[in-house]
Every structure is written in structure tokens, then in C-alpha cells.
$ cat structure21.pdb   # PDB, C-alpha atoms, pLDDT in the B column
MODEL        1
ATOM      1  CA  ALA Z   1      99.435 -53.845 -63.302  1.00 57.00           C
ATOM      2  CA  PHE Z   2      96.319 -52.953 -65.241  1.00 59.00           C
ATOM      3  CA  ASN Z   3      94.830 -50.826 -62.458  1.00 66.00           C
ATOM      4  CA  GLU Z   4      97.919 -48.622 -62.342  1.00 66.00           C
ATOM      5  CA  GLU Z   5      98.268 -48.339 -66.108  1.00 67.00           C
ATOM      6  CA  ILE Z   6      94.656 -47.427 -66.825  1.00 68.00           C
ATOM      7  CA  TYR Z   7      95.015 -43.949 -65.345  1.00 68.00           C
ATOM      8  CA  ASP Z   8      98.166 -43.318 -67.348  1.00 67.00           C
ATOM      9  CA  HIS Z   9      96.433 -44.444 -70.538  1.00 63.00           C
ATOM     10  CA  MET Z  10      93.354 -42.331 -69.838  1.00 68.00           C
ATOM     11  CA  ASP Z  11      95.565 -39.242 -70.079  1.00 68.00           C
ATOM     12  CA  ARG Z  12      96.725 -40.313 -73.552  1.00 64.00           C
ATOM     13  CA  MET Z  13      93.594 -40.867 -75.541  1.00 72.00           C
ATOM     14  CA  SER Z  14      94.488 -39.499 -78.978  1.00 81.00           C
ATOM     15  CA  TYR Z  15      94.932 -42.098 -81.670  1.00 80.00           C
ATOM     16  CA  GLU Z  16      98.518 -40.991 -82.348  1.00 81.00           C
ATOM     17  CA  GLU Z  17      99.488 -41.149 -78.656  1.00 82.00           C
ATOM     18  CA  ARG Z  18      98.068 -44.646 -78.348  1.00 78.00           C
ATOM     19  CA  LYS Z  19     100.072 -45.802 -81.389  1.00 82.00           C
ATOM     20  CA  LYS Z  20     103.252 -44.420 -79.811  1.00 82.00           C
ATOM     21  CA  ILE Z  21     102.536 -46.289 -76.583  1.00 77.00           C
ATOM     22  CA  ARG Z  22     101.644 -49.508 -78.389  1.00 81.00           C
ATOM     23  CA  TRP Z  23     104.548 -49.659 -80.859  1.00 83.00           C
ATOM     24  CA  GLY Z  24     107.178 -47.665 -78.992  1.00 82.00           C
ATOM     25  CA  GLY Z  25     110.476 -46.386 -80.307  1.00 81.00           C
ATOM     26  CA  ILE Z  26     110.351 -48.073 -83.705  1.00 85.00           C
ATOM     27  CA  TYR Z  27     107.052 -46.344 -84.503  1.00 88.00           C
ATOM     28  CA  THR Z  28     108.311 -43.005 -83.209  1.00 87.00           C
ATOM     29  CA  ALA Z  29     111.510 -43.299 -85.271  1.00 86.00           C
ATOM     30  CA  SER Z  30     109.547 -44.245 -88.397  1.00 89.00           C
ATOM     31  CA  THR Z  31     107.185 -41.293 -88.105  1.00 90.00           C
ATOM     32  CA  GLY Z  32     110.108 -38.996 -87.287  1.00 89.00           C
ATOM     33  CA  ILE Z  33     111.832 -40.090 -90.492  1.00 89.00           C
ATOM     34  CA  ARG Z  34     108.579 -39.479 -92.382  1.00 92.00           C
ATOM     35  CA  GLU Z  35     108.388 -35.911 -91.075  1.00 92.00           C
ATOM     36  CA  HIS Z  36     112.042 -35.287 -91.944  1.00 90.00           C
ATOM     37  CA  ILE Z  37     111.507 -36.591 -95.477  1.00 91.00           C
ATOM     38  CA  LYS Z  38     108.510 -34.262 -95.824  1.00 91.00           C
ATOM     39  CA  SER Z  39     110.633 -31.303 -94.702  1.00 92.00           C
ATOM     40  CA  LEU Z  40     113.217 -32.177 -97.388  1.00 88.00           C
ATOM     41  CA  LYS Z  41     110.408 -32.236 -99.976  1.00 89.00           C
ATOM     42  CA  ILE Z  42     111.602 -35.476-101.564  1.00 89.00           C
ATOM     43  CA  LYS Z  43     109.036 -36.562-104.132  1.00 87.00           C
ATOM     44  CA  ASP Z  44     108.038 -40.245-103.930  1.00 93.00           C
ATOM     45  CA  PRO Z  45     110.829 -41.224-101.514  1.00 96.00           C
ATOM     46  CA  LEU Z  46     112.360 -44.673-101.612  1.00 97.00           C
ATOM     47  CA  ILE Z  47     114.899 -44.835 -98.788  1.00 96.00           C
ATOM     48  CA  LEU Z  48     117.878 -47.159 -99.082  1.00 96.00           C
ATOM     49  CA  LEU Z  49     118.474 -48.556 -95.605  1.00 92.00           C
ATOM     50  CA  PRO Z  50     121.887 -49.732 -94.454  1.00 90.00           C
ATOM     51  CA  PRO Z  51     122.326 -53.249 -93.108  1.00 88.00           C
ATOM     52  CA  PRO Z  52     122.209 -53.668 -89.306  1.00 83.00           C
ATOM     53  CA  SER Z  53     125.982 -54.218 -89.238  1.00 84.00           C
ATOM     54  CA  TYR Z  54     126.426 -50.660 -90.558  1.00 85.00           C
ATOM     55  CA  TYR Z  55     124.552 -49.211 -87.565  1.00 79.00           C
ATOM     56  CA  GLN Z  56     126.456 -51.453 -85.178  1.00 80.00           C
ATOM     57  CA  ARG Z  57     129.791 -50.302 -86.613  1.00 83.00           C
ATOM     58  CA  PHE Z  58     129.058 -46.852 -85.197  1.00 77.00           C
ATOM     59  CA  GLY Z  59     127.900 -48.210 -81.859  1.00 70.00           C
ATOM     60  CA  GLN Z  60     124.250 -47.539 -82.564  1.00 68.00           C
ATOM     61  CA  SER Z  61     121.509 -49.916 -81.584  1.00 67.00           C
ATOM     62  CA  ILE Z  62     119.071 -48.409 -84.050  1.00 68.00           C
ATOM     63  CA  SER Z  63     116.448 -50.773 -85.281  1.00 69.00           C
ATOM     64  CA  ILE Z  64     114.638 -49.608 -88.381  1.00 80.00           C
ATOM     65  CA  PRO Z  65     111.924 -52.111 -89.219  1.00 84.00           C
ATOM     66  CA  GLU Z  66     111.717 -54.136 -92.399  1.00 88.00           C
ATOM     67  CA  PRO Z  67     110.247 -52.273 -95.400  1.00 93.00           C
ATOM     68  CA  VAL Z  68     106.662 -53.526 -95.037  1.00 94.00           C
ATOM     69  CA  VAL Z  69     106.514 -52.563 -91.340  1.00 93.00           C
ATOM     70  CA  PHE Z  70     108.195 -49.209 -91.966  1.00 92.00           C
ATOM     71  CA  TYR Z  71     105.594 -48.486 -94.659  1.00 95.00           C
ATOM     72  CA  TYR Z  72     102.776 -49.490 -92.310  1.00 94.00           C
ATOM     73  CA  TYR Z  73     104.039 -47.068 -89.656  1.00 93.00           C
ATOM     74  CA  SER Z  74     105.025 -44.147 -91.888  1.00 93.00           C
ATOM     75  CA  GLY Z  75     103.631 -44.503 -95.408  1.00 94.00           C
ATOM     76  CA  ILE Z  76     107.203 -44.191 -96.739  1.00 95.00           C
ATOM     77  CA  LYS Z  77     108.763 -46.900 -98.902  1.00 96.00           C
ATOM     78  CA  THR Z  78     112.187 -48.293 -98.039  1.00 96.00           C
ATOM     79  CA  THR Z  79     114.478 -50.807 -99.643  1.00 96.00           C
ATOM     80  CA  THR Z  80     117.430 -52.826 -98.424  1.00 94.00           C
ATOM     81  CA  VAL Z  81     120.859 -53.631 -99.824  1.00 94.00           C
ATOM     82  CA  ASP Z  82     119.619 -57.101-100.806  1.00 94.00           C
ATOM     83  CA  ALA Z  83     116.402 -56.000-102.530  1.00 95.00           C
ATOM     84  CA  LYS Z  84     115.860 -55.961-106.290  1.00 96.00           C
ATOM     85  CA  ASP Z  85     114.655 -52.345-106.274  1.00 96.00           C
ATOM     86  CA  LYS Z  86     117.670 -50.919-104.427  1.00 97.00           C
ATOM     87  CA  TYR Z  87     118.888 -49.015-107.513  1.00 97.00           C
ATOM     88  CA  LYS Z  88     115.579 -47.126-107.636  1.00 96.00           C
ATOM     89  CA  ALA Z  89     116.290 -45.488-104.259  1.00 97.00           C
ATOM     90  CA  ASN Z  90     116.313 -41.698-104.316  1.00 96.00           C
ATOM     91  CA  CYS Z  91     117.592 -41.156-100.777  1.00 95.00           C
ATOM     92  CA  CYS Z  92     119.498 -43.064 -98.123  1.00 94.00           C
ATOM     93  CA  ILE Z  93     120.609 -43.062 -94.524  1.00 90.00           C
ATOM     94  CA  ILE Z  94     124.329 -42.634 -94.030  1.00 90.00           C
ATOM     95  CA  PHE Z  95     126.629 -41.901 -91.096  1.00 87.00           C
ATOM     96  CA  GLU Z  96     128.251 -38.494 -91.393  1.00 83.00           C
ATOM     97  CA  GLY Z  97     130.309 -36.791 -88.727  1.00 80.00           C
ATOM     98  CA  ARG Z  98     128.665 -37.969 -85.530  1.00 80.00           C
ATOM     99  CA  ASN Z  99     125.124 -38.569 -86.753  1.00 82.00           C
ATOM    100  CA  PHE Z 100     123.023 -40.500 -89.190  1.00 82.00           C
ATOM    101  CA  VAL Z 101     121.755 -38.216 -91.941  1.00 86.00           C
ATOM    102  CA  PHE Z 102     119.636 -38.397 -95.066  1.00 88.00           C
ATOM    103  CA  GLU Z 103     121.309 -37.989 -98.379  1.00 92.00           C
ATOM    104  CA  LYS Z 104     119.501 -37.528-101.679  1.00 93.00           C
ATOM    105  CA  LEU Z 105     120.532 -39.910-104.456  1.00 95.00           C
ATOM    106  CA  LYS Z 106     120.465 -38.748-108.072  1.00 95.00           C
ATOM    107  CA  ASP Z 107     120.972 -41.970-109.988  1.00 96.00           C
ATOM    108  CA  SER Z 108     122.114 -45.591-109.861  1.00 96.00           C
ATOM    109  CA  ALA Z 109     125.762 -44.470-109.705  1.00 97.00           C
ATOM    110  CA  ASP Z 110     124.966 -42.665-106.417  1.00 97.00           C
ATOM    111  CA  VAL Z 111     123.245 -45.810-105.138  1.00 97.00           C
ATOM    112  CA  ALA Z 112     126.278 -47.930-106.076  1.00 97.00           C
ATOM    113  CA  ARG Z 113     128.555 -45.479-104.235  1.00 96.00           C
ATOM    114  CA  VAL Z 114     126.425 -45.733-101.071  1.00 96.00           C
ATOM    115  CA  LEU Z 115     126.242 -49.528-101.333  1.00 96.00           C
ATOM    116  CA  ASN Z 116     130.051 -49.602-101.436  1.00 95.00           C
ATOM    117  CA  ILE Z 117     130.175 -47.377 -98.333  1.00 93.00           C
ATOM    118  CA  TYR Z 118     127.752 -49.681 -96.512  1.00 92.00           C
ATOM    119  CA  LYS Z 119     129.778 -52.714 -97.548  1.00 91.00           C
ATOM    120  CA  SER Z 120     133.178 -51.292 -96.622  1.00 90.00           C
ATOM    121  CA  VAL Z 121     132.090 -49.887 -93.260  1.00 82.00           C
ATOM    122  CA  ALA Z 122     129.954 -52.834 -92.187  1.00 63.00           C
ATOM    123  CA  LYS Z 123     132.818 -55.344 -92.321  1.00 62.00           C
TER     124      LYS Z 123
ENDMDL
END

$ encode --input "structure21.pdb" --output "C-alpha cells"
Amino acid sequence: AFNEEIYDHMDRMSYEERKKIRWGGIYTASTGIREHIKSLKIKDPLILLPPPSYYQRFGQSISIPEPVVFYYYSGIKTTTVDAKDKYKANCCIIFEGRNFVFEKLKDSADVARVLNIYKSVAK
């Protein structure tokens, strides 16, 4: 109820904390990805995102928002396997070992290789 929540919210008054409360895990994941991209020093990142079936194949219930929402939360541009600009991606998310990791992409041949991985694994 409102009366119970107000005291909890009063302890979290910074703008960033309120955004985390309001938008939850998707916002936190988006900003976490942004910080990771910054640490990798990728200039003008355009992240190629796998289709949801790719995440599900590895038993993950990750939900990365659509590109416009991801950009709103993080300021980082993303693209999808169905988008026209997918071959302009310079990094991607891929499953490696036991985790999802970022991989830098050098050219359209790298993008094509990752698209084939997404396609073959997501079946």
C-alpha cells in the first residue's frame, strides 16, 4: 500500500535510484550493458541483439528491450537480426561458455557469421 511504500521511497531519492525502481530489471540491465560497453571503449557502439529464441535456447529469460527503448534507457544504439542496419553493427551479444558476452565485430563478414550462429542455435 502507498503508506508502506512511501517510507521505502523516501530512502531512495536520487534520480538514478528512482529510475531503477520505476523501470526495474530491464533498465538496470540496459545501464549495465552501457557501462560494460564504456569499459571496452567501443567507439559509437551499435549492438547486434540476438532474437529472443536465442536467449531461450540457453534457458535464459533475459529480456532486452526493443532498440528505441534500449536507447532511451542507456543512450546506446542496438539493432536486431531483422533490421536494415544489422550489417553496420560493431559489437554483439553471444553465448560463450556459460555466459552471454560482448564480442567486437570488425566487418559485415563478422556480422554474417554471428547471424548464422543466432539462426542455427535459435532453431

$ closest_residue --input "structure21.pdb" --among "Z:Val81, Z:Ile26, Z:Val68, Z:Asn90" --to "Z:Ser53" --atoms "all atoms listed in the file"
Z:Val81

$ closest_atom_pairs --input "structure21.pdb" --of "stretch 58-103 of chain Z" --to "stretch 34-38 of chain Z" --cutoff "9 Å" --atoms "all atoms listed in the file" --output "tab-separated table"
residue	atom	partner	partner_atom	distance
Z:Ser74	CA	Z:Arg34	CA	5.9
Z:Gly75	CA	Z:Arg34	CA	7.7
Z:Ile76	CA	Z:Arg34	CA	6.6
Z:Phe102	CA	Z:Ile37	CA	8.3

$ resolve_selection --input "structure21.pdb" --expression "the PyMOL selection byres ((chain Z and resi 118) around 12)" --output "PyMOL selection string"
chain Z and resi 48-58+80-82+92-95+111-117+119-123

$ axis_aligned_box --input "structure21.pdb" --around "stretch 28-38 of chain Z" --padding-each-side "4 Å" --output "JSON"
{"center_x": 109.6, "center_y": -39.3, "center_z": -89.5, "size_x": 12.9, "size_y": 18.0, "size_z": 20.6}

$ atom_distance --input "structure21.pdb" --atom1 "atom CA of Z:Phe70" --atom2 "atom CA of Z:Trp23"
11.7 Å

$ atom_distance --input "structure21.pdb" --atom1 "atom CA of Z:Gly24" --atom2 "atom CA of Z:Val101"
21.7 Å

$ closest_residue --input "structure21.pdb" --among "Z:Thr28, Z:Gly59, Z:Arg22, Z:Ile42" --to "Z:Phe100" --atoms "all atoms listed in the file"
Z:Gly59

$ atom_distance --input "structure21.pdb" --atom1 "atom CA of Z:Ser108" --atom2 "atom CA of Z:Cys91"
11.1 Å

$ closest_residue --input "structure21.pdb" --among "Z:Lys19, Z:Val69, Z:Asp85, Z:Ala109" --to "Z:Ile47" --atoms "all atoms listed in the file"
Z:Asp85

$ closest_residue --input "structure21.pdb" --among "Z:Leu40, Z:Arg18, Z:Leu46, Z:Glu66" --to "Z:Thr78" --atoms "only C-alpha atoms"
Z:Leu46

$ closest_residue --input "structure21.pdb" --among "Z:Leu105, Z:Lys20, Z:Pro45, Z:Asn99" --to "Z:Tyr71" --atoms "all atoms listed in the file"
Z:Pro45
